[in-house]
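J.: Mind looking over this structure? Questions follow.
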Amino acid sequence: MVLAVFFAFLFQLGPGLEAQSKDPATVRQLKQGLRVYQLNCQTCHGREGDHPDKTFNLADKEWKHGDSMQEIEKTVKQGVKGTAMLGFANRLTDKQIASVARYVYSFREESDRK
Ligand code: HEC
C-alpha cells in the first residue's frame, strides 16, 4: 500500500521532471536526485525545497552559499559548519550528490519561472 502510494507519487512527478528537460540523461539524473532528496533532504527542506522557514527553504531564490550547480554540490558535500546542514560526502556517493544537486538546482529553475 505504502509502496503503491510512493509509485503513484513518482509517476505523478515523472512527467513534470521530463518537462524540465528533454535530454534523457538529465531526466535520469533528476529522477535519481529526486529519490536521494526524498530519503535524505526532504525532512529538513520540504517536499520541493519549499519549507516555510527561510533557513530551510531552497526555492525562494535566496542562496546563502551560491546558486550554481557547483556551489550547491559543494554545500551538500561539505555541509555548513555550525548548522544542522551536515556534509554528505561520507553518506552519499559522488554520483548521488551530483544528482541531488541537479535536482535542487531545478528548484532554482522553477523559482526563476515564477
Ligand atoms: C537536519 C536537517 C537538514 C538536512 C537533512 C539537510 N539539510 Fe540542507 N540545510 C539545512 C540547514 C539548517 C541549512 C542552512 C544552513 C545555513 O544556515 O547556512 C541548509 C542549507 C542547505 C543548502 C544551502 C542553501 C543556501 O541558501 O545556499 C543546500 C543547497 C542544502 N541545504 C541542500 C541539502 C540537500 C541536497 C540535502 C540532502 C542530501 C540536505 N540539504 C539535507 C538543514 C538540512
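Note on naming: chains are A, B, ... as they come in the C-alpha cells, residues start from 1 per chain, ligands start from 1 in the order shown.
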If we count only C-alpha atoms, what is near A:Lys95 at a cut-off of 12 Å, once residues fewer than 2 positions away on the same chain are taken out, given as a list in words?

T.: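 Listing them by chain and then by number gives Arg28, Gln29, Leu30, Gln32, Gly33, Val36, Glu73, Lys77, Phe88, Ala89, Arg91, Leu92, Thr93, Ile97, Ala98, Ser99, Val100, Ala101 and Arg102 of chain A.
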
J.: Go ahead and save the residues from that selection, with N, CA and C atoms, as an mmCIF file, in the first residue's frame.

T.:
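As written to disk, selection.cif reads:
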```cif
data_model
loop_
_atom_site.group_PDB
_atom_site.id
_atom_site.type_symbol
_atom_site.label_atom_id
_atom_site.label_comp_id
_atom_site.auth_asym_id
_atom_site.auth_seq_id
_atom_site.Cartn_x
_atom_site.Cartn_y
_atom_site.Cartn_z
ATOM 1 N N ARG A 28 17.150 11.189 -16.291
ATOM 2 C CA ARG A 28 17.568 10.088 -15.423
ATOM 3 C C ARG A 28 18.226 10.633 -14.150
ATOM 4 N N GLN A 29 19.069 11.641 -14.344
ATOM 5 C CA GLN A 29 19.769 12.227 -13.204
ATOM 6 C C GLN A 29 18.775 12.913 -12.249
ATOM 7 N N LEU A 30 17.796 13.613 -12.820
ATOM 8 C CA LEU A 30 16.788 14.281 -11.991
ATOM 9 C C LEU A 30 15.984 13.257 -11.196
ATOM 10 N N GLN A 32 16.999 10.238 -10.229
ATOM 11 C CA GLN A 32 17.836 9.722 -9.145
ATOM 12 C C GLN A 32 17.934 10.777 -8.037
ATOM 13 N N GLY A 33 18.096 12.036 -8.452
ATOM 14 C CA GLY A 33 18.187 13.126 -7.496
ATOM 15 C C GLY A 33 16.942 13.240 -6.637
ATOM 16 N N VAL A 36 17.104 10.498 -3.993
ATOM 17 C CA VAL A 36 18.094 10.844 -2.964
ATOM 18 C C VAL A 36 17.512 11.956 -2.077
ATOM 19 N N GLU A 73 26.482 21.684 -5.083
ATOM 20 C CA GLU A 73 27.138 20.399 -4.882
ATOM 21 C C GLU A 73 28.146 20.486 -3.720
ATOM 22 N N LYS A 77 28.116 18.438 -0.188
ATOM 23 C CA LYS A 77 29.267 17.615 0.172
ATOM 24 C C LYS A 77 29.822 17.982 1.540
ATOM 25 N N PHE A 88 27.471 15.600 3.290
ATOM 26 C CA PHE A 88 27.025 14.271 2.877
ATOM 27 C C PHE A 88 28.130 13.480 2.180
ATOM 28 N N ALA A 89 29.352 14.013 2.190
ATOM 29 C CA ALA A 89 30.459 13.370 1.478
ATOM 30 C C ALA A 89 30.658 11.910 1.907
ATOM 31 N N ARG A 91 28.264 10.039 3.338
ATOM 32 C CA ARG A 91 26.984 9.323 3.360
ATOM 33 C C ARG A 91 26.477 8.961 1.979
ATOM 34 N N LEU A 92 26.843 9.800 0.984
ATOM 35 C CA LEU A 92 26.347 9.569 -0.369
ATOM 36 C C LEU A 92 27.535 9.461 -1.326
ATOM 37 N N THR A 93 27.308 8.778 -2.445
ATOM 38 C CA THR A 93 28.369 8.698 -3.455
ATOM 39 C C THR A 93 28.423 10.028 -4.216
ATOM 40 N N ILE A 97 25.394 12.685 -4.992
ATOM 41 C CA ILE A 97 25.477 14.106 -4.643
ATOM 42 C C ILE A 97 25.272 14.972 -5.887
ATOM 43 N N ALA A 98 25.892 14.559 -6.999
ATOM 44 C CA ALA A 98 25.709 15.316 -8.241
ATOM 45 C C ALA A 98 24.243 15.311 -8.653
ATOM 46 N N SER A 99 23.572 14.163 -8.506
ATOM 47 C CA SER A 99 22.184 14.105 -8.970
ATOM 48 C C SER A 99 21.252 14.873 -8.041
ATOM 49 N N VAL A 100 21.524 14.839 -6.737
ATOM 50 C CA VAL A 100 20.648 15.585 -5.828
ATOM 51 C C VAL A 100 20.898 17.088 -6.005
ATOM 52 N N ALA A 101 22.145 17.466 -6.313
ATOM 53 C CA ALA A 101 22.435 18.882 -6.578
ATOM 54 C C ALA A 101 21.696 19.327 -7.836
ATOM 55 N N ARG A 102 21.667 18.456 -8.825
ATOM 56 C CA ARG A 102 20.949 18.773 -10.063
ATOM 57 C C ARG A 102 19.460 18.949 -9.776
#
```

J.: Listing only residues of chain A within 9 Å of ligand 1, what is the closest atom pair and its distance in Å (to one decimal) for each, using only C-alpha atoms and all ligand atoms, sorted by chain and residue number ascending, as a tab-separated table?

T.:
```
residue	atom	partner	partner_atom_place_in_ligand_line	distance
A:Gly33	CA	ligand 1	35 (C)	8.7
A:Val36	CA	ligand 1	38 (C)	6.7
A:Tyr37	CA	ligand 1	37 (C)	5.5
A:Gln38	CA	ligand 1	37 (C)	8.2
A:Leu39	CA	ligand 1	37 (C)	7.8
A:Asn40	CA	ligand 1	37 (C)	4.6
A:Cys41	CA	ligand 1	37 (C)	3.5
A:Gln42	CA	ligand 1	5 (C)	7.0
A:Thr43	CA	ligand 1	5 (C)	6.2
A:Cys44	CA	ligand 1	2 (C)	4.4
A:His45	CA	ligand 1	7 (N)	6.3
A:Gly49	CA	ligand 1	32 (C)	8.7
A:Lys54	CA	ligand 1	26 (O)	8.6
A:Thr55	CA	ligand 1	14 (C)	5.2
A:Phe56	CA	ligand 1	11 (C)	5.2
A:Asn57	CA	ligand 1	24 (C)	7.4
A:Leu58	CA	ligand 1	24 (C)	5.9
A:Asp60	CA	ligand 1	26 (O)	8.9
A:Lys61	CA	ligand 1	26 (O)	8.4
A:Glu62	CA	ligand 1	26 (O)	5.8
A:Trp63	CA	ligand 1	26 (O)	3.5
A:Lys64	CA	ligand 1	27 (O)	3.8
A:His65	CA	ligand 1	27 (O)	3.6
A:Gly66	CA	ligand 1	27 (O)	5.3
A:Asp67	CA	ligand 1	27 (O)	6.6
A:Glu71	CA	ligand 1	29 (C)	7.8
A:Ile72	CA	ligand 1	29 (C)	4.6
A:Glu73	CA	ligand 1	29 (C)	7.2
A:Lys74	CA	ligand 1	29 (C)	8.3
A:Thr75	CA	ligand 1	29 (C)	5.7
A:Val76	CA	ligand 1	32 (C)	5.3
A:Lys77	CA	ligand 1	38 (C)	8.3
A:Gly79	CA	ligand 1	31 (N)	7.3
A:Val80	CA	ligand 1	15 (C)	5.5
A:Lys81	CA	ligand 1	15 (C)	8.1
A:Gly82	CA	ligand 1	17 (O)	8.2
A:Thr83	CA	ligand 1	12 (C)	5.4
A:Ala84	CA	ligand 1	12 (C)	4.5
A:Met85	CA	ligand 1	10 (C)	3.8
A:Leu86	CA	ligand 1	7 (N)	6.6
A:Gly87	CA	ligand 1	38 (C)	8.3
A:Phe88	CA	ligand 1	38 (C)	6.3
A:Arg91	CA	ligand 1	38 (C)	8.9
A:Leu92	CA	ligand 1	38 (C)	7.9
A:Gln96	CA	ligand 1	38 (C)	8.6
A:Ile97	CA	ligand 1	38 (C)	7.0
A:Val100	CA	ligand 1	35 (C)	5.5
A:Ala101	CA	ligand 1	35 (C)	5.8
A:Tyr103	CA	ligand 1	35 (C)	8.1
A:Val104	CA	ligand 1	35 (C)	6.3
A:Tyr105	CA	ligand 1	29 (C)	8.2
```

J.: Smallest atom-to-atom distance to A:Ser21: which of A:Asn90, A:Gln70, A:Ser106, A:Gln78, using only C-alpha atoms?

T.: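 Comparing A:Asn90, A:Gln70, A:Ser106, A:Gln78 against A:Ser21, the winner is A:Ser106.
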
J.: When you count only C-alpha atoms, which of these residues is closest to A:Ser68: A:Lys22, A:Phe107, A:Val27, A:Arg47?

T.: A:Phe107
